[in-house]
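Source file final32.txt; content: compact mmCIF, C-alpha atoms.
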# COMPACT_ATOMS: atom_id res chain seq x y z
CA MET A 1 -42.20 -24.16 -21.41
CA THR A 2 -40.48 -25.99 -18.66
CA GLU A 3 -36.82 -26.52 -18.53
CA ILE A 4 -35.36 -28.49 -15.71
CA MET A 5 -32.71 -26.25 -14.25
CA THR A 6 -29.87 -28.34 -12.99
CA ARG A 7 -27.49 -26.45 -10.80
CA PRO A 8 -23.83 -27.08 -11.53
CA PRO A 9 -22.54 -29.27 -8.72
CA LYS A 10 -20.13 -27.95 -6.14
CA VAL A 11 -16.54 -28.97 -6.60
CA PRO A 12 -13.83 -29.64 -4.04
CA VAL A 13 -11.00 -27.12 -3.91
CA THR A 14 -7.87 -27.99 -1.96
CA VAL A 15 -5.28 -25.27 -1.58
CA ARG A 16 -2.59 -24.08 0.76
CA VAL A 17 -2.89 -20.46 1.80
CA ASN A 18 0.13 -18.96 3.56
CA GLY A 19 1.32 -22.47 4.31
CA VAL A 20 -1.96 -23.75 5.80
CA GLY A 21 -4.04 -26.36 3.98
CA TYR A 22 -7.77 -25.85 3.30
CA GLU A 23 -10.38 -27.99 1.59
CA ARG A 24 -13.71 -26.43 0.69
CA TYR A 25 -16.62 -27.25 -1.60
CA VAL A 26 -17.64 -24.37 -3.82
CA GLU A 27 -19.61 -23.61 -6.96
CA PRO A 28 -17.40 -23.57 -10.06
CA ARG A 29 -18.30 -19.91 -10.58
CA LYS A 30 -16.81 -18.90 -7.23
CA LEU A 31 -14.05 -16.36 -7.77
CA LEU A 32 -10.74 -17.00 -6.05
CA SER A 33 -11.05 -13.61 -4.34
CA ASP A 34 -14.39 -14.57 -2.78
CA PHE A 35 -13.08 -18.04 -1.94
CA ILE A 36 -10.18 -16.56 0.01
CA ARG A 37 -12.45 -14.15 1.88
CA GLN A 38 -15.61 -16.18 2.39
CA ASP A 39 -14.53 -19.80 2.42
CA VAL A 40 -11.00 -19.60 3.79
CA GLY A 41 -11.95 -16.63 5.98
CA LEU A 42 -8.95 -14.43 5.27
CA THR A 43 -10.34 -10.97 4.64
CA GLY A 44 -7.06 -9.17 4.10
CA THR A 45 -7.48 -9.69 0.36
CA HIS A 46 -9.69 -6.81 -0.70
CA VAL A 47 -12.28 -6.87 -3.44
CA GLY A 48 -12.50 -3.61 -5.35
CA CYS A 49 -13.70 -3.50 -8.94
CA GLU A 50 -14.24 -7.25 -9.47
CA HIS A 51 -13.23 -6.99 -13.10
CA GLY A 52 -9.47 -6.91 -13.05
CA VAL A 53 -8.83 -3.19 -13.17
CA CYS A 54 -7.98 -2.09 -9.64
CA GLY A 55 -5.57 -4.77 -8.44
CA ALA A 56 -6.83 -4.67 -4.84
CA CYS A 57 -7.43 -8.45 -4.85
CA THR A 58 -3.90 -9.25 -6.08
CA VAL A 59 -2.43 -12.39 -4.53
CA ILE A 60 0.42 -14.73 -5.43
CA VAL A 61 -0.57 -18.15 -6.76
CA ASP A 62 2.29 -20.62 -7.24
CA GLY A 63 4.69 -17.71 -7.50
CA GLU A 64 2.60 -15.84 -10.07
CA LEU A 65 1.11 -12.44 -9.37
CA VAL A 66 -2.61 -12.63 -10.19
CA LYS A 67 -5.77 -10.65 -9.72
CA SER A 68 -7.83 -13.15 -7.75
CA CYS A 69 -11.12 -11.77 -9.10
CA LEU A 70 -10.08 -12.97 -12.57
CA MET A 71 -9.45 -16.52 -11.45
CA LEU A 72 -11.94 -19.15 -10.39
CA ALA A 73 -11.32 -20.87 -7.09
CA VAL A 74 -11.49 -24.22 -8.88
CA GLN A 75 -8.57 -23.13 -11.06
CA ALA A 76 -6.43 -22.76 -7.94
CA GLN A 77 -6.92 -26.45 -7.07
CA GLY A 78 -3.67 -27.78 -5.64
CA SER A 79 -2.01 -24.36 -5.56
CA GLU A 80 0.05 -22.57 -2.97
CA ILE A 81 -1.45 -19.13 -2.41
CA MET A 82 0.10 -16.19 -0.62
CA THR A 83 -2.09 -13.39 0.70
CA VAL A 84 -1.24 -10.28 2.69
CA GLU A 85 -1.69 -12.29 5.89
CA GLY A 86 1.36 -14.34 4.88
CA LEU A 87 3.77 -11.40 4.83
CA ALA A 88 4.43 -10.75 8.51
CA LYS A 89 6.31 -13.49 10.34
CA GLY A 90 6.22 -14.02 14.10
CA GLY A 91 4.63 -10.63 14.76
CA GLU A 92 7.33 -8.87 12.72
CA LEU A 93 6.23 -6.83 9.76
CA HIS A 94 7.70 -7.81 6.40
CA PRO A 95 10.28 -5.22 5.25
CA ILE A 96 7.84 -4.03 2.58
CA GLN A 97 5.11 -3.56 5.21
CA GLN A 98 7.56 -1.77 7.48
CA ALA A 99 8.56 0.53 4.63
CA PHE A 100 4.91 1.33 3.83
CA HIS A 101 4.45 2.14 7.54
CA GLU A 102 7.49 4.40 7.71
CA HIS A 103 6.94 6.16 4.38
CA HIS A 104 3.19 6.63 4.66
CA GLY A 105 2.58 4.24 1.79
CA LEU A 106 -1.05 3.91 2.75
CA GLN A 107 -3.87 6.31 3.43
CA CYS A 108 -7.24 4.54 3.60
CA GLY A 109 -5.47 1.19 3.23
CA PHE A 110 -7.92 -0.40 0.83
CA CYS A 111 -5.41 -0.94 -1.99
CA THR A 112 -2.57 -1.83 0.39
CA PRO A 113 -2.82 -5.65 0.43
CA GLY A 114 -2.62 -5.76 -3.36
CA MET A 115 0.12 -3.14 -3.40
CA LEU A 116 2.22 -5.12 -0.92
CA LEU A 117 2.01 -8.36 -2.88
CA ALA A 118 2.61 -6.63 -6.21
CA ALA A 119 5.65 -4.94 -4.65
CA LEU A 120 6.92 -8.27 -3.30
CA SER A 121 6.60 -9.90 -6.73
CA LEU A 122 8.27 -6.93 -8.40
CA LEU A 123 11.21 -6.87 -5.97
CA GLU A 124 11.69 -10.61 -6.30
CA GLU A 125 12.05 -10.12 -10.04
CA ASN A 126 14.02 -6.89 -9.85
CA PRO A 127 15.66 -6.39 -6.43
CA ASP A 128 17.19 -3.05 -7.35
CA PRO A 129 14.61 -1.18 -9.43
CA THR A 130 14.75 2.41 -10.54
CA GLU A 131 11.86 4.66 -9.58
CA ASP A 132 10.54 4.40 -13.12
CA GLU A 133 10.70 0.62 -13.02
CA VAL A 134 8.64 0.68 -9.83
CA LYS A 135 6.06 2.95 -11.42
CA VAL A 136 5.78 0.76 -14.51
CA GLY A 137 5.90 -2.47 -12.52
CA MET A 138 3.08 -1.37 -10.23
CA ASP A 139 0.74 -0.28 -13.03
CA GLY A 140 -1.72 -3.06 -12.24
CA ASN A 141 -2.63 -1.55 -8.88
CA LEU A 142 -4.71 1.56 -8.35
CA CYS A 143 -4.76 3.77 -5.27
CA ARG A 144 -7.93 5.88 -5.18
CA CYS A 145 -6.46 8.06 -2.44
CA THR A 146 -3.86 8.74 -5.17
CA GLY A 147 -1.03 8.27 -2.69
CA TYR A 148 1.30 7.02 -5.38
CA TYR A 149 4.39 9.04 -4.50
CA ASN A 150 4.55 7.54 -1.03
CA ILE A 151 3.88 4.07 -2.38
CA VAL A 152 6.81 4.42 -4.78
CA ASP A 153 8.98 5.83 -1.96
CA SER A 154 7.99 2.89 0.25
CA ILE A 155 8.91 0.32 -2.37
CA MET A 156 12.24 2.03 -3.11
CA ALA A 157 13.00 2.04 0.62
CA ALA A 158 11.99 -1.61 0.95
CA ALA A 159 14.24 -2.52 -1.98
CA GLY A 160 17.17 -0.87 -0.16
CA LYS A 161 16.42 -2.79 3.05
CA MET A 162 15.85 -6.15 1.38
CA LYS A 163 19.14 -6.18 -0.53
CA MET B 164 -20.68 -8.65 -10.15
CA LYS B 165 -20.33 -12.43 -9.95
CA PRO B 166 -20.52 -14.81 -12.88
CA ALA B 167 -23.85 -16.52 -13.51
CA PRO B 168 -23.75 -20.28 -12.89
CA PHE B 169 -22.06 -22.45 -15.50
CA PHE B 170 -20.94 -26.02 -15.91
CA TYR B 171 -17.18 -26.19 -15.62
CA HIS B 172 -15.00 -28.44 -17.74
CA ALA B 173 -11.23 -28.72 -17.44
CA PRO B 174 -9.93 -30.99 -20.20
CA THR B 175 -6.35 -32.18 -19.86
CA SER B 176 -5.58 -32.77 -23.54
CA VAL B 177 -6.31 -31.02 -26.82
CA ASP B 178 -8.22 -34.12 -27.98
CA GLU B 179 -10.43 -33.95 -24.93
CA ALA B 180 -10.92 -30.20 -25.34
CA VAL B 181 -11.97 -30.37 -29.00
CA ALA B 182 -14.24 -33.34 -28.26
CA LEU B 183 -15.99 -31.21 -25.64
CA LEU B 184 -16.23 -28.29 -28.05
CA GLN B 185 -17.89 -30.55 -30.61
CA ASP B 186 -20.26 -32.12 -28.09
CA LEU B 187 -21.26 -28.73 -26.71
CA GLN B 188 -21.33 -26.72 -29.93
CA GLU B 189 -25.13 -26.52 -29.96
CA GLU B 190 -25.06 -25.28 -26.39
CA ASP B 191 -23.77 -22.03 -25.10
CA SER B 192 -20.10 -22.70 -24.37
CA LYS B 193 -16.96 -20.64 -24.17
CA VAL B 194 -13.26 -21.40 -23.92
CA LEU B 195 -11.45 -19.94 -20.91
CA ALA B 196 -7.72 -19.36 -21.36
CA GLY B 197 -5.92 -16.77 -19.21
CA GLY B 198 -9.25 -15.16 -18.34
CA GLN B 199 -7.99 -11.59 -18.45
CA SER B 200 -10.71 -10.56 -20.91
CA LEU B 201 -13.37 -13.26 -20.48
CA MET B 202 -13.53 -13.20 -16.67
CA PRO B 203 -14.37 -9.48 -16.47
CA VAL B 204 -17.14 -10.03 -19.01
CA LEU B 205 -18.52 -12.97 -17.00
CA ASN B 206 -18.16 -11.10 -13.71
CA MET B 207 -20.12 -8.15 -15.06
CA ARG B 208 -22.61 -10.54 -16.66
CA LEU B 209 -22.12 -8.95 -20.03
CA ALA B 210 -22.03 -12.60 -21.07
CA ARG B 211 -23.45 -15.76 -19.55
CA VAL B 212 -22.33 -19.17 -20.64
CA LYS B 213 -23.81 -22.56 -19.93
CA HIS B 214 -20.49 -24.36 -20.25
CA LEU B 215 -17.07 -23.00 -19.50
CA ILE B 216 -14.23 -25.01 -21.02
CA ASP B 217 -11.07 -24.16 -19.11
CA ILE B 218 -8.00 -24.97 -21.22
CA ASN B 219 -5.44 -24.03 -18.59
CA LYS B 220 -4.55 -27.70 -18.10
CA LEU B 221 -3.50 -28.08 -21.73
CA HIS B 222 0.14 -27.78 -20.77
CA ASP B 223 1.24 -29.13 -24.14
CA LEU B 224 0.00 -25.85 -25.68
CA ASP B 225 2.49 -23.87 -23.61
CA TYR B 226 5.65 -23.62 -25.71
CA ILE B 227 7.77 -21.38 -27.88
CA ARG B 228 9.90 -23.14 -30.45
CA PRO B 229 11.73 -22.42 -33.69
CA PHE B 230 9.64 -23.41 -36.69
CA ASP B 231 10.62 -23.20 -40.34
CA GLY B 232 13.05 -20.33 -39.70
CA GLY B 233 10.38 -18.53 -37.71
CA LEU B 234 8.52 -19.39 -34.57
CA ALA B 235 5.71 -21.61 -33.38
CA ILE B 236 4.00 -20.38 -30.23
CA GLY B 237 1.57 -22.61 -28.37
CA ALA B 238 -1.77 -20.90 -27.83
CA LEU B 239 -1.58 -21.25 -24.05
CA THR B 240 1.83 -19.56 -23.79
CA ARG B 241 1.55 -16.78 -21.23
CA HIS B 242 2.40 -13.24 -22.25
CA ARG B 243 5.12 -13.16 -19.65
CA MET B 244 6.82 -16.24 -21.06
CA ALA B 245 6.90 -14.71 -24.55
CA GLU B 246 7.96 -11.31 -23.17
CA HIS B 247 11.12 -12.83 -21.71
CA SER B 248 11.83 -15.37 -24.46
CA THR B 249 15.11 -14.98 -26.36
CA ASP B 250 13.64 -16.97 -29.27
CA VAL B 251 10.84 -14.42 -29.55
CA ALA B 252 13.30 -11.54 -29.20
CA THR B 253 15.42 -12.79 -32.11
CA ARG B 254 12.74 -14.22 -34.41
CA ALA B 255 9.75 -11.98 -33.70
CA PRO B 256 11.08 -8.85 -31.97
CA LEU B 257 7.86 -7.00 -32.75
CA ILE B 258 6.16 -9.21 -30.16
CA THR B 259 8.88 -8.54 -27.60
CA GLU B 260 8.49 -4.82 -28.16
CA ALA B 261 4.70 -4.86 -27.80
CA LEU B 262 4.21 -7.23 -24.87
CA PRO B 263 5.24 -4.78 -22.13
CA LEU B 264 2.34 -2.64 -23.35
CA VAL B 265 -0.20 -5.43 -22.82
CA GLY B 266 -2.21 -4.95 -19.65
CA ASP B 267 -0.07 -4.92 -16.53
CA ARG B 268 2.22 -7.40 -14.75
CA GLN B 269 -0.70 -9.36 -13.33
CA VAL B 270 -2.38 -9.58 -16.73
CA ARG B 271 0.82 -10.80 -18.36
CA PHE B 272 1.34 -13.53 -15.74
CA ARG B 273 -2.04 -15.05 -16.66
CA GLY B 274 -2.93 -13.80 -20.12
CA THR B 275 -2.12 -16.03 -23.07
CA ILE B 276 -0.92 -15.29 -26.60
CA GLY B 277 -3.67 -17.47 -28.08
CA GLY B 278 -6.34 -15.97 -25.86
CA SER B 279 -5.50 -12.45 -26.92
CA ILE B 280 -5.55 -13.36 -30.62
CA ALA B 281 -8.74 -15.43 -30.34
CA HIS B 282 -10.43 -12.62 -28.41
CA ALA B 283 -9.75 -10.41 -31.45
CA ASP B 284 -10.13 -7.07 -29.80
CA PRO B 285 -9.14 -4.63 -32.56
CA VAL B 286 -7.47 -2.31 -30.06
CA ALA B 287 -5.30 -5.07 -28.57
CA GLU B 288 -1.65 -5.44 -29.47
CA LEU B 289 -1.29 -9.08 -30.46
CA PRO B 290 -4.00 -9.27 -33.16
CA THR B 291 -2.41 -6.25 -34.86
CA ILE B 292 1.01 -7.88 -34.66
CA ALA B 293 -0.27 -11.24 -35.94
CA LEU B 294 -1.55 -9.38 -38.98
CA ALA B 295 1.64 -7.38 -39.48
CA LEU B 296 3.79 -10.51 -39.26
CA ASP B 297 1.66 -12.60 -41.64
CA ALA B 298 1.14 -15.11 -38.85
CA ASP B 299 -0.64 -18.39 -39.52
CA LEU B 300 -3.20 -19.45 -36.94
CA VAL B 301 -3.59 -23.17 -36.42
CA VAL B 302 -7.09 -24.13 -35.30
CA SER B 303 -7.90 -27.67 -34.29
CA LYS B 304 -11.06 -29.66 -34.09
CA ARG B 305 -11.95 -33.29 -33.59
CA GLY B 306 -10.07 -35.27 -36.21
CA GLY B 307 -7.84 -32.56 -37.60
CA SER B 308 -6.63 -29.02 -37.85
CA ARG B 309 -6.43 -26.24 -40.40
CA THR B 310 -4.29 -23.18 -40.82
CA VAL B 311 -5.83 -19.75 -41.26
CA PRO B 312 -3.68 -16.81 -42.37
CA ALA B 313 -4.03 -13.79 -40.10
CA SER B 314 -5.37 -11.83 -43.09
CA GLU B 315 -8.45 -14.10 -43.09
CA PHE B 316 -8.68 -14.69 -39.37
CA PHE B 317 -10.14 -11.48 -37.99
CA ILE B 318 -13.75 -11.04 -39.11
CA THR B 319 -15.02 -8.15 -37.01
CA PHE B 320 -15.06 -6.97 -33.37
CA LEU B 321 -14.29 -9.96 -31.13
CA THR B 322 -15.07 -12.32 -33.99
CA THR B 323 -12.66 -14.65 -35.76
CA ALA B 324 -12.68 -17.49 -38.27
CA ILE B 325 -12.64 -19.99 -35.38
CA GLU B 326 -15.77 -22.17 -35.59
CA ASP B 327 -17.71 -23.26 -32.52
CA ASP B 328 -16.11 -26.71 -32.54
CA GLU B 329 -12.59 -25.38 -33.04
CA LEU B 330 -9.77 -24.35 -30.73
CA LEU B 331 -6.86 -22.07 -31.57
CA THR B 332 -3.81 -24.20 -30.79
CA GLU B 333 -0.75 -22.58 -32.37
CA ILE B 334 0.49 -19.28 -33.74
CA ARG B 335 3.12 -19.57 -36.47
CA ILE B 336 5.27 -16.59 -37.23
CA PRO B 337 7.34 -16.63 -40.43
CA ALA B 338 11.03 -15.78 -40.26
CA PRO B 339 11.69 -12.04 -40.41
CA PRO B 340 12.99 -10.81 -43.79
CA ALA B 341 16.76 -10.31 -44.10
CA HIS B 342 18.08 -6.85 -43.14
CA SER B 343 14.81 -5.85 -41.58
CA GLY B 344 13.81 -3.75 -38.64
CA HIS B 345 10.58 -3.54 -36.71
CA ALA B 346 8.66 -1.08 -34.57
CA PHE B 347 5.49 -1.13 -32.54
CA LEU B 348 4.16 2.21 -31.36
CA GLU B 349 0.89 3.01 -29.72
CA LEU B 350 -1.00 6.01 -28.49
CA SER B 351 -2.83 5.32 -25.26
CA ARG B 352 -4.08 7.42 -22.38
CA GLN B 353 -1.77 5.66 -19.98
CA LEU B 354 0.47 2.61 -19.82
CA GLY B 355 -1.48 -0.63 -19.86
CA THR B 356 -4.71 0.78 -21.22
CA TYR B 357 -5.98 -0.06 -24.66
CA ALA B 358 -4.51 1.74 -27.60
CA ILE B 359 -6.35 4.61 -29.23
CA VAL B 360 -4.19 3.96 -32.27
CA SER B 361 -1.32 1.51 -32.68
CA ALA B 362 1.04 0.86 -35.56
CA ALA B 363 3.16 -2.22 -36.22
CA ALA B 364 5.81 -1.94 -38.90
CA VAL B 365 8.46 -4.18 -40.43
CA VAL B 366 10.85 -2.65 -42.96
CA ALA B 367 13.47 -4.59 -44.94
CA LEU B 368 16.26 -2.77 -46.75
CA ASP B 369 18.28 -3.91 -49.73
CA GLY B 370 21.04 -1.69 -51.07
CA GLY B 371 19.67 1.37 -49.31
CA ARG B 372 16.14 0.90 -50.66
CA ILE B 373 13.06 -0.59 -49.09
CA SER B 374 12.64 -4.12 -50.42
CA GLU B 375 9.64 -4.94 -48.29
CA ALA B 376 7.41 -3.18 -45.79
CA ARG B 377 4.63 -4.56 -43.66
CA LEU B 378 2.21 -2.36 -41.82
CA ALA B 379 -0.73 -3.08 -39.57
CA LEU B 380 -2.82 -0.73 -37.46
CA GLY B 381 -4.90 -1.32 -34.35
CA GLY B 382 -7.71 0.71 -32.85
CA VAL B 383 -8.92 2.14 -36.15
CA GLY B 384 -11.53 -0.34 -37.30
CA SER B 385 -13.55 -3.39 -36.36
CA THR B 386 -10.46 -5.54 -36.91
CA PRO B 387 -6.76 -4.79 -37.05
CA ILE B 388 -6.08 -3.33 -40.48
CA ARG B 389 -3.29 -4.14 -42.90
CA ALA B 390 -2.22 -1.09 -44.88
CA LEU B 391 -1.44 -2.76 -48.21
CA ARG B 392 -1.42 0.36 -50.38
CA ALA B 393 0.97 2.03 -47.99
CA GLU B 394 3.22 -1.03 -48.11
CA GLU B 395 3.13 -0.99 -51.90
CA SER B 396 4.05 2.70 -51.98
CA LEU B 397 7.23 2.00 -50.04
CA ARG B 398 8.61 -0.80 -52.19
CA GLY B 399 11.76 0.32 -53.98
CA GLN B 400 11.78 3.71 -52.26
CA ALA B 401 14.63 5.18 -50.30
CA PRO B 402 13.77 5.23 -46.57
CA THR B 403 13.05 8.95 -46.38
CA ILE B 404 10.69 10.82 -44.14
CA GLU B 405 8.76 11.89 -47.26
CA ALA B 406 8.16 8.27 -48.21
CA PHE B 407 7.08 7.47 -44.65
CA THR B 408 4.75 10.46 -44.53
CA GLU B 409 3.11 9.40 -47.78
CA ALA B 410 2.76 5.84 -46.45
CA GLY B 411 1.18 7.26 -43.31
CA ARG B 412 -1.33 9.16 -45.43
CA LEU B 413 -2.20 6.04 -47.43
CA ALA B 414 -2.43 3.92 -44.28
CA SER B 415 -4.74 6.45 -42.72
CA GLU B 416 -7.04 6.19 -45.75
CA ALA B 417 -7.34 2.45 -45.11
CA THR B 418 -8.67 2.99 -41.60
CA ASP B 419 -12.28 2.98 -40.54
CA PRO B 420 -12.22 4.25 -36.97
CA SER B 421 -15.16 5.04 -34.76
CA ALA B 422 -15.36 7.92 -32.33
CA ASP B 423 -15.44 7.58 -28.59
CA VAL B 424 -14.55 9.63 -25.54
CA HIS B 425 -10.86 9.16 -26.25
CA GLY B 426 -10.90 10.56 -29.75
CA SER B 427 -12.93 11.54 -32.77
CA ILE B 428 -12.76 9.82 -36.12
CA GLU B 429 -10.66 12.67 -37.51
CA TYR B 430 -8.25 12.50 -34.58
CA ARG B 431 -7.77 8.76 -34.95
CA ARG B 432 -7.18 9.09 -38.70
CA GLU B 433 -4.61 11.81 -38.11
CA MET B 434 -2.89 9.82 -35.38
CA ALA B 435 -2.86 6.73 -37.60
CA ALA B 436 -0.83 8.68 -40.17
CA VAL B 437 1.50 10.02 -37.48
CA TYR B 438 2.08 6.67 -35.80
CA VAL B 439 2.66 4.88 -39.10
CA ARG B 440 5.22 7.50 -40.10
CA ARG B 441 7.01 7.22 -36.76
CA ALA B 442 6.92 3.41 -36.71
CA LEU B 443 8.34 3.24 -40.24
CA LYS B 444 11.14 5.62 -39.30
CA VAL B 445 12.14 3.54 -36.27
CA ALA B 446 11.84 0.26 -38.21
CA ALA B 447 13.97 1.59 -41.07
CA GLU B 448 16.63 2.89 -38.68
CA ARG B 449 16.80 -0.54 -37.09
CA ALA B 450 16.90 -2.23 -40.49
CA ALA B 451 19.87 -0.06 -41.48
CA VAL B 452 21.96 -1.57 -38.68
CA ALA B 453 20.53 -5.11 -38.88

Kindly present the structure from the file in structure tokens form.
Amino acid sequence: MTEIMTRPPKVPVTVRVNGVGYERYVEPRKLLSDFIRQDVGLTGTHVGCEHGVCGACTVIVDGELVKSCLMLAVQAQGSEIMTVEGLAKGGELHPIQQAFHEHHGLQCGFCTPGMLLAALSLLEENPDPTEDEVKVGMDGNLCRCTGYYNIVDSIMAAAGKMK
Amino acid sequence: MKPAPFFYHAPTSVDEAVALLQDLQEEDSKVLAGGQSLMPVLNMRLARVKHLIDINKLHDLDYIRPFDGGLAIGALTRHRMAEHSTDVATRAPLITEALPLVGDRQVRFRGTIGGSIAHADPVAELPTIALALDADLVVSKRGGSRTVPASEFFITFLTTAIEDDELLTEIRIPAPPAHSGHAFLELSRQLGTYAIVSAAAVVALDGGRISEARLALGGVGSTPIRALRAEESLRGQAPTIEAFTEAGRLASEATDPSADVHGSIEYRREMAAVYVRRALKVAAERAAVA
């Protein structure tokens, strides 16, 4: 039995990442997380579980907080994407990054890029959260060092600074 | 941990989408909505599809509007949109109460109401609520659409009445009964994980007696389960804890749970009774002040 295997053609994907435009040709099955790392070349976005559980690959697409391993690159066509590399400006850490630094909000650092973007999205929605609201709001991001207390402290401190 | 190759289609209208579904129905195709359940399955290669039909460009399926005293929700409406909708809060508060329990913030940004219902995971919140609220599911195909009541929609695990050439396009929720209250309670290991047992209840009161009760349970069978005998037992009763306990017992008898690491069959049955009792109590208290 012979079946002619036709490979799905590559598709163009044009996006802006942290304000910079990119155009790449990728297979439709390419995950946005891999696209950002391999095709755009920004490796700050970390790939953990690859099935939407750990939140390490969290980025912001057109203002929406998404796990980039659960989105295809082709679905981001025309989008404005923000990754962890877009947080610091002019060599100055973003207040959330500074707070993570000062409050030991990271240990191994693997979950940190996703944590930072999830925290940014949360604080944009709720600039003055309670500790419980931070805990609930960050439930899409896992820290396998289990450094959650310091992450919550960092976000509470950042909220105070960003007001 | 990457999806196997597939042909990607991104229709921009419902007509185009259902035409594709019909053309590809003999082939292995799947509809992609928010992707919060399908993408993990594709990534882990628990499923491979030849054609992926991405409906995220069907922007005309993204709406919440009053309909016949109740609500019509477009299938592509994101969880987050419904979670913050005042129309949903007033006309289908059960949905508003349950949505914060769905996944996490990221999931709710992307996940869709239609996707969750069409996925038909019996431990998920929205299928259970669709059943409790007597929702009508509008499914469309080339040349027309039909309406399937929630009671006939869920067939078994991850299986619905949607045919291969059909697309779920709208969820219709009837108006809540007068003087009614609602409650959605679930037992889960932690916030955002799937329910071990969930209970959705609507209780309407008339002159201090229960005029109508609706009860659905999640996590205790191959589909969400409507507890009709329990509902019947409540009609005309005073809203007492004894009546709720008896309804919990009857509801528990209607369940058909399986055992897993999170709980045995006996545990799930017991918790079904407990959560039904508690949900009825909360719903009746809310009805009393409605």

ask   = In terms of the shortest atom-to-atom distance over only C-alpha atoms, which of B:Thr418, B:Thr403, B:Thr259, B:Ser374 is closest to Phe347 (chain B)?
value =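 Nearest to Phe347 (chain B): B:Thr259.
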
query = Please, which residues of chain A lie no more than 6 Å from chain B when the count uses all atoms listed in the file, and can they be set out as JSON, numbers by chain?
reply = {"A": [8, 29, 51, 65, 66, 70, 139, 140]}

message = Please report the interatomic distance between CA of Ala196 (chain B) and CA of Ile218 (chain B) in Å with one decimal.
response =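 CA of Ala196 (chain B) sits 5.6 Å away from CA of Ile218 (chain B).
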
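Of the listed residues (B:Gly384, B:Tyr226, B:Ile236, B:Asp369), B:Gly384 comes nearest to Ala287 (chain B); the distances count all atoms listed in the file.
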
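One finds CA of Ala252 (chain B) at 13.7 Å from CA of Ala453 (chain B).
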
Point (14.6, 2.0, -49.1) neighbourhood (10 Å, all atoms listed in the file) written as number ranges by chain = B: 366-376, 397-403, 406, 447, 450-451

Determine, for each residue of region 264-323 of chain B having at least one atom at most 12 Å from an atom of region 176-189 of chain B, the closest pair of atoms and their separation in Å to one decimal, counting only C-alpha atoms; order by chain and ascending number, as JSON lines.
{"residue": "B:Val302", "atom": "CA", "partner": "B:Val181", "partner_atom": "CA", "distance": 10.1}
{"residue": "B:Ser303", "atom": "CA", "partner": "B:Val181", "partner_atom": "CA", "distance": 7.2}
{"residue": "B:Lys304", "atom": "CA", "partner": "B:Val181", "partner_atom": "CA", "distance": 5.2}
{"residue": "B:Arg305", "atom": "CA", "partner": "B:Val181", "partner_atom": "CA", "distance": 5.4}
{"residue": "B:Gly306", "atom": "CA", "partner": "B:Asp178", "partner_atom": "CA", "distance": 8.5}
{"residue": "B:Gly307", "atom": "CA", "partner": "B:Asp178", "partner_atom": "CA", "distance": 9.8}
{"residue": "B:Ser308", "atom": "CA", "partner": "B:Val181", "partner_atom": "CA", "distance": 10.4}
